[in-house]
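Undergrad: Input final.cif, format and content: mmCIF, C-alpha atoms and all ligand atoms.
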data_data
loop_
_atom_site.label_atom_id
_atom_site.label_comp_id
_atom_site.auth_asym_id
_atom_site.auth_seq_id
_atom_site.Cartn_x
_atom_site.Cartn_y
_atom_site.Cartn_z
CA MET A 1 69.54 266.83 228.73
CA LYS A 2 66.52 268.55 227.15
CA THR A 3 63.89 265.86 227.16
CA ALA A 4 60.48 266.30 225.54
CA ILE A 5 57.51 263.99 225.86
CA TYR A 6 55.17 263.39 222.94
CA PRO A 7 52.03 261.88 224.50
CA GLY A 8 49.05 260.45 222.69
CA SER A 9 46.66 257.57 222.23
CA PHE A 10 48.39 256.37 219.03
CA ASP A 11 45.56 253.94 218.21
CA PRO A 12 47.27 253.41 215.79
CA VAL A 13 50.26 255.64 215.00
CA THR A 14 49.77 257.48 211.67
CA LEU A 15 52.15 259.19 209.26
CA GLY A 16 51.01 262.47 210.84
CA HIS A 17 52.39 261.30 214.20
CA ILE A 18 55.62 260.11 212.57
CA ASN A 19 56.09 263.54 211.01
CA ILE A 20 55.76 265.22 214.44
CA ILE A 21 58.11 262.67 216.10
CA LYS A 22 60.85 263.33 213.53
CA ARG A 23 60.54 267.10 213.91
CA ALA A 24 60.56 266.87 217.71
CA ALA A 25 63.64 264.60 217.56
CA ALA A 26 65.42 267.30 215.56
CA ALA A 27 64.48 269.98 218.10
CA PHE A 28 65.18 268.17 221.42
CA GLU A 29 68.01 266.02 222.72
CA LYS A 30 65.66 263.22 223.71
CA VAL A 31 62.02 262.54 222.87
CA ILE A 32 59.88 260.05 224.78
CA VAL A 33 56.87 258.98 222.75
CA CYS A 34 54.40 257.87 225.39
CA VAL A 35 51.21 255.88 224.87
CA MET A 36 48.86 257.41 227.43
CA VAL A 37 46.13 255.12 228.67
CA ASN A 38 43.16 257.44 228.90
CA ALA A 39 40.65 256.25 231.49
CA ALA A 40 37.81 258.16 229.84
CA LYS A 41 38.28 256.73 226.34
CA ASP A 42 36.83 253.47 225.01
CA SER A 43 39.10 250.47 224.93
CA GLY A 44 40.29 251.28 221.39
CA LEU A 45 41.25 249.10 218.44
CA PHE A 46 44.66 248.08 219.81
CA THR A 47 45.67 247.49 223.43
CA PRO A 48 48.18 250.02 224.83
CA GLU A 49 50.92 247.37 224.61
CA GLU A 50 50.10 246.69 220.95
CA ARG A 51 50.15 250.45 220.20
CA LEU A 52 53.61 250.63 221.74
CA GLU A 53 54.82 247.76 219.53
CA LEU A 54 53.37 249.45 216.42
CA LEU A 55 55.21 252.67 217.31
CA LYS A 56 58.49 250.79 217.81
CA LYS A 57 58.06 249.07 214.43
CA SER A 58 57.30 252.34 212.66
CA ILE A 59 60.17 254.61 213.55
CA HIS A 60 63.83 254.17 214.44
CA VAL A 61 65.58 257.37 215.49
CA ASP A 62 68.50 257.34 217.95
CA ASN A 63 67.13 259.95 220.37
CA VAL A 64 63.54 258.66 220.38
CA GLU A 65 62.35 256.30 223.13
CA PHE A 66 58.94 254.73 223.73
CA ASP A 67 56.87 254.13 226.83
CA ILE A 68 53.37 253.54 228.21
CA ASN A 69 51.84 255.48 231.09
CA ARG A 70 48.61 254.92 232.96
CA GLY A 71 48.72 257.99 235.20
CA LEU A 72 48.58 261.74 234.84
CA LEU A 73 50.81 263.22 232.18
CA ALA A 74 52.00 266.04 234.47
CA GLU A 75 53.22 263.47 237.03
CA TYR A 76 54.84 261.33 234.36
CA ALA A 77 56.78 264.37 233.09
CA LYS A 78 58.14 264.92 236.62
CA GLN A 79 59.27 261.30 236.86
CA GLN A 80 61.05 261.60 233.51
CA ASN A 81 62.67 264.95 234.38
CA ALA A 82 61.04 266.44 231.30
CA ARG A 83 59.94 270.07 231.15
CA VAL A 84 58.41 270.03 227.69
CA LEU A 85 55.39 268.33 226.16
CA VAL A 86 55.14 268.19 222.39
CA LYS A 87 51.72 268.26 220.75
CA GLY A 88 50.75 268.45 217.08
CA LEU A 89 48.14 271.01 216.03
CA ARG A 90 46.21 270.06 212.92
CA ALA A 91 43.54 272.69 212.64
CA VAL A 92 42.03 275.59 214.52
CA SER A 93 39.52 273.07 215.88
CA ASP A 94 42.35 271.36 217.83
CA TYR A 95 43.44 274.62 219.39
CA GLU A 96 40.88 275.08 222.16
CA SER A 97 41.16 271.63 223.72
CA GLU A 98 44.93 271.52 223.29
CA VAL A 99 45.44 274.88 225.00
CA GLN A 100 43.10 273.78 227.80
CA MET A 101 45.19 270.62 228.32
CA ALA A 102 48.41 272.65 228.20
CA LEU A 103 47.10 275.00 230.89
CA ILE A 104 45.91 272.15 233.13
CA ASN A 105 49.23 270.34 232.77
CA GLY A 106 51.07 273.58 233.61
CA LYS A 107 48.87 274.04 236.67
CA LEU A 108 49.56 270.48 237.88
CA ASN A 109 53.26 270.79 237.14
CA PRO A 110 54.47 274.42 236.92
CA ASP A 111 57.86 273.31 235.52
CA LEU A 112 56.12 271.85 232.49
CA ASP A 113 55.41 273.72 229.26
CA THR A 114 53.76 272.60 226.03
CA VAL A 115 55.24 273.21 222.59
CA PHE A 116 52.92 272.94 219.60
CA PHE A 117 54.11 271.76 216.21
CA PRO A 118 51.79 272.72 213.37
CA SER A 119 50.99 269.56 211.47
CA SER A 120 52.42 269.27 208.01
CA GLU A 121 49.88 270.38 205.36
CA LYS A 122 50.00 266.84 204.00
CA TYR A 123 48.53 265.44 207.21
CA THR A 124 46.16 268.17 208.39
CA TYR A 125 43.13 265.98 207.72
CA LEU A 126 44.64 262.84 209.21
CA SER A 127 43.72 261.20 212.52
CA SER A 128 43.76 257.69 213.95
CA SER A 129 39.94 257.76 213.97
CA VAL A 130 39.78 258.55 210.25
CA VAL A 131 42.24 255.75 209.53
CA LYS A 132 40.16 253.25 211.55
CA GLU A 133 37.00 254.31 209.72
CA LEU A 134 38.70 253.86 206.33
CA ALA A 135 40.16 250.52 207.42
CA ARG A 136 36.67 249.23 208.22
CA TYR A 137 35.78 249.90 204.57
CA HIS A 138 38.98 248.19 203.40
CA ALA A 139 40.28 251.42 201.83
CA ASP A 140 43.90 251.75 200.75
CA LEU A 141 45.82 253.10 203.76
CA THR A 142 49.29 253.44 202.25
CA GLU A 143 49.18 257.24 202.32
CA PHE A 144 48.10 257.36 205.95
CA LEU A 145 50.00 254.67 207.87
CA PRO A 146 53.68 253.68 208.17
CA ARG A 147 54.13 250.77 205.75
CA GLU A 148 55.55 248.61 208.57
CA ILE A 149 52.15 248.45 210.27
CA LEU A 150 49.74 248.28 207.31
CA GLU A 151 49.22 244.54 207.69
CA ASP A 152 48.80 244.80 211.49
CA VAL A 153 45.95 247.27 211.06
CA LYS A 154 44.29 245.25 208.32
CA SER A 155 44.44 242.02 210.29
CA LYS A 156 43.21 243.65 213.51
CA ILE A 157 40.18 245.04 211.66
CA ALA A 158 39.54 241.60 210.11
CA GLU A 159 39.84 239.97 213.56
CA LYS A 160 37.34 242.45 215.07
CA GLU A 161 34.93 241.89 212.17
CA LYS A 162 35.00 238.12 212.81
CA CYS A 163 34.02 238.70 216.45
CA ARG A 164 30.95 240.72 215.52
O1 LIG B 1 46.11 261.31 221.03
P1 LIG B 1 45.15 262.00 221.96
O2 LIG B 1 43.99 261.08 222.30
O3 LIG B 1 44.71 263.33 221.46
O4 LIG B 1 45.97 262.29 223.32
C1 LIG B 1 45.35 262.85 224.45
C2 LIG B 1 46.21 262.56 225.68
C3 LIG B 1 46.36 261.05 225.85
C4 LIG B 1 47.57 263.19 225.49
C5 LIG B 1 45.51 263.18 226.93
O5 LIG B 1 44.22 262.67 227.03
C6 LIG B 1 46.27 262.87 228.21
O6 LIG B 1 47.28 263.48 228.47
N1 LIG B 1 45.80 261.89 229.02
C7 LIG B 1 46.48 261.50 230.24
C8 LIG B 1 45.70 261.88 231.50
C9 LIG B 1 46.01 263.31 231.90
O7 LIG B 1 47.11 263.66 232.27
N2 LIG B 1 44.98 264.16 231.83
C10 LIG B 1 45.12 265.56 232.22
C11 LIG B 1 45.34 266.46 231.01
S1 LIG B 1 43.86 267.32 230.70
#
What's the structure tokens form of this structure?
Ligand code: PNS
TA:
Amino acid sequence: MKTAIYPGSFDPVTLGHINIIKRAAAAFEKVIVCVMVNAAKDSGLFTPEERLELLKKSIHVDNVEFDINRGLLAEYAKQQNARVLVKGLRAVSDYESEVQMALINGKLNPDLDTVFFPSSEKYTYLSSSVVKELARYHADLTEFLPREILEDVKSKIAEKEKCR
């Protein structure tokens, strides 16, 4: 079975991610959407487990599964018997770091290749960071987030504001 892994921080999942997941699901027999816990990044708005739940709430496609991984992506791909990583490319600015990651992952696991999906024009500007920034200003997020998680994001921001 041709399995592809779509890794990311997904803090939180956006409509841009959903677009890539659907396209990857049409191209591969199985897609594992994996929340990668990045040791170098700050703790984030949502915990990895919460991000996983938000993903599961947002999209239901038969050949799409969800997971969390705390290790190296290249090792995880071996464990899953996957030879393809899927990444979305929004702009030229993404290109350099994404190609660097693809090359490192290929070095660590020579059976592994990376396939880039150009992001849909509609979502070229979109990122989880932009969504979090807008959420802090209570902007309308309906065009950016799956409707299933709009309230989760709003209430998490409100909860964080109370703690400040
Ligand atoms: O959504 P993001 O933050 O752009 O995703 C980046 C991510 C999580 C895919 C990347 O940081 C990653 O793969 N982290 C796992 C650790 C790893 O394998 N690092 C080596 C690749 S350079």
Undergrad: Can you list, as an MDAnalysis selection string, every protein, DNA or RNA residue that comes within 7 Å of Val84 (chain A) when you count all atoms listed in the file, leaving out same-chain residues fewer than 5 positions away?
TA: chainID A and resid 3:5 112:115
Undergrad: Would you save the residues from that selection as a PDB file, in the coordinates of the input, using C-alpha atoms?
TA:
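As written to disk, again_21.pdb reads:
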ATOM      1  CA  THR A   3      63.890 265.860 227.160  1.00  0.00           C
ATOM      2  CA  ALA A   4      60.480 266.300 225.540  1.00  0.00           C
ATOM      3  CA  ILE A   5      57.510 263.990 225.860  1.00  0.00           C
ATOM      4  CA  LEU A 112      56.120 271.850 232.490  1.00  0.00           C
ATOM      5  CA  ASP A 113      55.410 273.720 229.260  1.00  0.00           C
ATOM      6  CA  THR A 114      53.760 272.600 226.030  1.00  0.00           C
ATOM      7  CA  VAL A 115      55.240 273.210 222.590  1.00  0.00           C
TER       8      VAL A 115
END
Undergrad: Check which residues of chain A sit at most 7 Å from ligand LIG 1 (chain B) using all atoms listed in the file, and return one row each with the closest pair of atoms and their distance in Å to one decimal, ordered by chain and rising number, as a tab-separated table.
TA:
residue	atom	partner	partner_atom	distance
A:Pro7	CA	B:LIG1	C4	4.8
A:Gly8	CA	B:LIG1	O1	3.5
A:Ser9	CA	B:LIG1	O1	4.0
A:Phe10	CA	B:LIG1	O1	5.8
A:Met36	CA	B:LIG1	C3	4.7
A:Val37	CA	B:LIG1	C3	6.6
A:Asn38	CA	B:LIG1	N1	5.2
A:Gly71	CA	B:LIG1	C8	6.2
A:Leu72	CA	B:LIG1	O7	3.5
A:Leu73	CA	B:LIG1	O7	3.7
A:Ala74	CA	B:LIG1	O7	5.9
A:Met101	CA	B:LIG1	S1	4.3
A:Ile104	CA	B:LIG1	S1	5.8
A:Asn105	CA	B:LIG1	C11	5.8
Undergrad: Write a file of the just-selected residues containing C-alpha atoms, as a JSON list (two decimals), in the coordinates of the input.
TA:
[["chain", "number", "residue", "atom", "x", "y", "z"],
["A", 7, "PRO", "CA", 52.03, 261.88, 224.50],
["A", 8, "GLY", "CA", 49.05, 260.45, 222.69],
["A", 9, "SER", "CA", 46.66, 257.57, 222.23],
["A", 10, "PHE", "CA", 48.39, 256.37, 219.03],
["A", 36, "MET", "CA", 48.86, 257.41, 227.43],
["A", 37, "VAL", "CA", 46.13, 255.12, 228.67],
["A", 38, "ASN", "CA", 43.16, 257.44, 228.90],
["A", 71, "GLY", "CA", 48.72, 257.99, 235.20],
["A", 72, "LEU", "CA", 48.58, 261.74, 234.84],
["A", 73, "LEU", "CA", 50.81, 263.22, 232.18],
["A", 74, "ALA", "CA", 52.00, 266.04, 234.47],
["A", 101, "MET", "CA", 45.19, 270.62, 228.32],
["A", 104, "ILE", "CA", 45.91, 272.15, 233.13],
["A", 105, "ASN", "CA", 49.23, 270.34, 232.77]]
Undergrad: Quick one: residues within 9 Å of Phe66 (chain A), only C-alpha atoms counted, chain neighbours fewer than 4 positions away excluded, as JSON, numbers by chain?
TA: {"A": [31, 32, 33, 34, 35, 52, 55, 56]}
Undergrad: Have a look at A:Lys160, A:Arg51, A:Lys30, A:Arg83 and name the one nearest to Glu65 (chain A); count all atoms listed in the file.
TA: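 Smallest distance to Glu65 (chain A) is found for A:Lys30.
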Undergrad: Would you mind reading off the distance between CA of Val99 (chain A) and CA of Phe117 (chain A), one decimal, in Å?
TA: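 Interatomic distance here is 12.7 Å.
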Undergrad: CA of Asn109 (chain A) to CA of Glu53 (chain A): how many Å, to one decimal?
TA: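 Between these atoms lies a distance of 29.0 Å.
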Undergrad: Given the choices A:Ile21, A:Ala158, A:Leu126, A:Ala102, which gets closest to Ser58 (chain A) if the distance is worked out from only C-alpha atoms?
TA: A:Ile21
Undergrad: What gap, in Å, lies between CA of Arg23 (chain A) and CA of Glu143 (chain A)?
TA: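 Distance between the two atoms: 19.0 Å.
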Undergrad: With distances taken over all atoms listed in the file, which of A:Ile20, A:Leu54, A:Glu133, A:Phe28 is nearest to Ile149 (chain A)?
TA: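 Comparing A:Ile20, A:Leu54, A:Glu133, A:Phe28 against Ile149 (chain A), the winner is A:Leu54.
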Undergrad: Just checking: using all atoms listed in the file, which residue out of A:Glu49, A:Asp62, A:Glu98, A:Glu121 ends up closest to Gly16 (chain A)?
TA: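 Answer, going by the shortest atom-to-atom distance: A:Glu121.
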Undergrad: Between A:Thr124, A:Gln100, A:Gln79, A:Ser155, which is the closest to Leu15 (chain A) once you count all atoms listed in the file?
TA: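 Among A:Thr124, A:Gln100, A:Gln79, A:Ser155, it is A:Thr124 that comes nearest to Leu15 (chain A).
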Undergrad: Taking (46.9, 274.9, 217.6) in the coordinates of the supplied file, I want to know which residues reach to within 10 Å of it, counting all atoms listed in the file; could you give the answer as an MDAnalysis selection string?
TA: chainID A and resid 87:99 115:119
Undergrad: Between A:Ala25, A:Ala82, A:Ile18, A:Leu108, which has the minimum distance to Met1 (chain A) (counting only C-alpha atoms)?
TA: A:Ala82
Undergrad: Please list as number ranges by chain every residue within 9 Å of Asn81 (chain A), counting only C-alpha atoms and excluding residues in the same chain fewer than 4 positions away.
TA: A: 2-3, 76-77
Undergrad: Please save C-alpha atoms of the selected residues as a PDB file, keeping the file's coordinate frame.
TA:
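again-v6.pdb, freshly written:
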ATOM      1  CA  LYS A   2      66.520 268.550 227.150  1.00  0.00           C
ATOM      2  CA  THR A   3      63.890 265.860 227.160  1.00  0.00           C
ATOM      3  CA  TYR A  76      54.840 261.330 234.360  1.00  0.00           C
ATOM      4  CA  ALA A  77      56.780 264.370 233.090  1.00  0.00           C
TER       5      ALA A  77
END
